[in-house]
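One structure is given below, encoded as C-alpha cells.
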Amino acid sequence: MVEAISLKGQASARAGTLMNSAEELTARARCGDHEAFRSIFERYARPIISFIYDMVGRRDLAEELTQETFVRAYKNLGAMREETKISTWLFGIAKNVARESLRSRIREDHRVGIDDDRIVEMSDGKLPPDRELLDKELNGVIQDALGSLDEDKRLVFTLKVFQQRSYEEIAEITGSSIPKLKTDLHRARAEMRRRIQPYLGVGYEV
Amino acid sequence: MKCEECQAAIEDYIDEALAVRTAREMSVHLSSCEACSRCYEEFKREQSIYASYQRDVDVTPALWAGIASRLERQPVIKGPTFFETLRERFVGMFGAPRLSPAFAAALVLVAIGVTAVIMQYAGSRGSEPVAQNASTGTQGEQPPSNPGTPDIRKPAENPVVDQSTNPTVAVVKKETTKRPAVGPPTPEQLVREAEQKYVQAIAILSRDVNERRSKIDPAVLARFDAALADIDRTIAETKQATRQNPRDPIALNYLLSAYSKKVDALRDMARD
C-alpha cells in the first residue's frame, strides 16, 4: 500500500526526492507547493532564458522576460491543461512574453550584412585566431544571424536546433502547423548556413 | 534511395524525425554514396557549431529572487486543489450544514458497495475459470452466484454472499443486523466503518497492483504513481482535518471521497 506523504515540514524534502518527475512537480505546484514551483524553475530556467535570449538578443531583457515568464506560469498554473507537458507550456508562455516584448519596443537593428567585418576577415583567408577568440567571434556571428531571421523562422530554429523540441511540441508552442514549421526551419537553416559558412571548415570538425 | 531523396530528407534525418524504415534506408545510402555523405557531414558540422554556441546569459540567484519577490507581492491565482474541488463538489451536492445520520448511512452504503465490488474482484482472482469475472470489470453489480464461476469467498469475509441479487443492499442488511443493540451508531462511527472497509480494499488492490508492476508500461506506471501520491496526500490532509474537527461533515466527505478515488485508481490498474 502506498504510504501517504506529508509535504509539510521536514517531510517535504523527502517528498521532493521521491516525487521529482515533471508531472509530480507540476501537480504539487498546482496545489500551491512553493518549493515544487522552485524546483520547476531550477529545472527549466536555463532553457527558458536561453530561448528568450535567442529571441530578443539582449541579456538584461532576457532576464527580465524570464522572470515574467515564471511569474505568469505560477499565476496561471490552474489554467494549465493536465495533459500538457510543463516544458511545452513554459516555452509557450516564454514565446508570448518574448513576442510581446519584441512588438512593444522599437527593436534595435541586429541585422548584419554579409559584408560584416568578421565574415570578411575570415573570407579573406586570414589565419584564424585562436580557438577562444574564434568561439567568441562565432558566438557573435550566430547571435547576429539569429537576429537577422524573421520572428517565425527564429522561433522555430531556436526551438528545434537549440532546444531540441519535437515538431509536435513546437506546433503546440507556436500554434503553427508542422508543414509550415518544416518550411520555416528549412529556410532558417539555409539563412543561418549562409552566415556561418566561412566557419564550417575552421576547426569545427565533428 | 536516390540522392535527391536522400538530400531532401537530410534535415529530418539529423532531427531524427524520419520513420524508422526511411532512416534505415538513409543510413544505407549514406554509407555508399560519397556525395550525400559529404553533404551529411556538412550538416553535422553545422550542428556542432550550433551546439557550441554560448550565450551571454546565465541563471543567477538574483533571477529566482526577483521572481520570488514578485510572487509575494502579487496575488496568486492557482487552480483548485484536489481538496477544494471535492469541497465544492460535496457542498454543491449535499449542502448539508451537519452530517445527518441518513447522509452518513448513504456514504457508508457507497463505501461498502465499492468494497463489495473489490471483494468480489479479489475473490474472483485465482478461481477457475477466472476470465469470466475478470474480463467484465464491474462484477460487483452481478449476482455472486454466477454459474460457472466458483465462489471461493468465505461468508464471514465476504458479506456479498447473500440471498439478494443486489450485493450492495445485501451488505447493508448484513451490516445493520450485526450492529449491537446499544443504540444507533453516530455518523462518525459510520464513516469510520466505511473508512475501514476502504482501507481493507486498498490493501488487497495494492498487493495486486504491486504484483503486476513489472508488466505495466513504465510511463503508465509513473502517471499512476503520481496520481496515487496525490490521492495519498489528500487522504493525509483530510485525516488531519478530521482529527482536528471530528464532526466536520465536509472533511469526512473528503476523506471518503479520497479513499473512493484511490480504490477506483487501484482497481483500474489491477484490472488492466
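Residues are named by chain letter and number: chains run A, B, ... in the order of the C-alpha cells, numbers start at 1 in each chain, and ligands are numbered from 1 in the order shown.
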key: Selection near stretch 222-231 of chain B, 7 Å with only C-alpha atoms, sequence-local residues under 4 positions removed, as a count of residues only   = 5
task = Do a neighbour search on stretch 56-61 of chain B at 12 Å with only C-alpha atoms, toss out local chain neighbours closer than 4 positions, and write the hits as a count of residues only.
result = 34
task = Taking only C-alpha atoms into account, report as an MDAnalysis selection string which residues of chain B lie within 8 Å of chain A.
result = chainID B and resid 11 42 44:51 53:59 63:64 66:67 70:71 75:82 202:203 206:207 223 226 228:230 232:233 235:237
Coordinates-based distance that separates atom CA of B:Gln189 from atom CA of B:Asn253 (Å, one decimal) = 13.4 Å
ask   = Between A:Arg103, A:Lys95, A:Lys180, A:Arg194, which one has atoms that come closest to A:Ser148, using only C-alpha atoms?
value =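 So, comparing all the options, the nearest one is A:Arg194.
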In stretch 121-199 of chain A, DSSP alpha helix (DSSP H) residues written as a PyMOL selection string = chain A and resi 121-123+131-148+151-157+167-174+178-196
All residues 9 Å or closer to B:Ala251, only C-alpha atoms, same chain fewer than 2 positions away omitted, as a ChimeraX atom specification = /B:87,238-239,241-242,245-249,253-256
inquiry  = Just want the 8 Å neighbourhood of B:Tyr13, counted on only C-alpha atoms, with same-chain residues fewer than 5 positions away dropped. Output as number ranges by chain.
reply    = B: 18, 23, 26
I need the chosen residues saved as a compact mmCIF listing (two decimals), in the first residue's frame, with C-alpha atoms.
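Just written: part_11.txt:
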# COMPACT_ATOMS: atom_id res chain seq x y z
CA LEU B 18 12.14 10.22 -40.06
CA ALA B 23 16.02 6.37 -41.60
CA MET B 26 19.14 6.80 -45.42
message = Here is a test: counting only C-alpha atoms, which residue of A:Leu146, A:Ser87, A:Leu65, A:Ser39 is nearest to A:Thr158?
response =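 Closest residue, counting only C-alpha atoms: A:Leu146.
From atom CA of B:Thr234 back to atom CA of B:Leu252, the distance works out to 11.9 Å.
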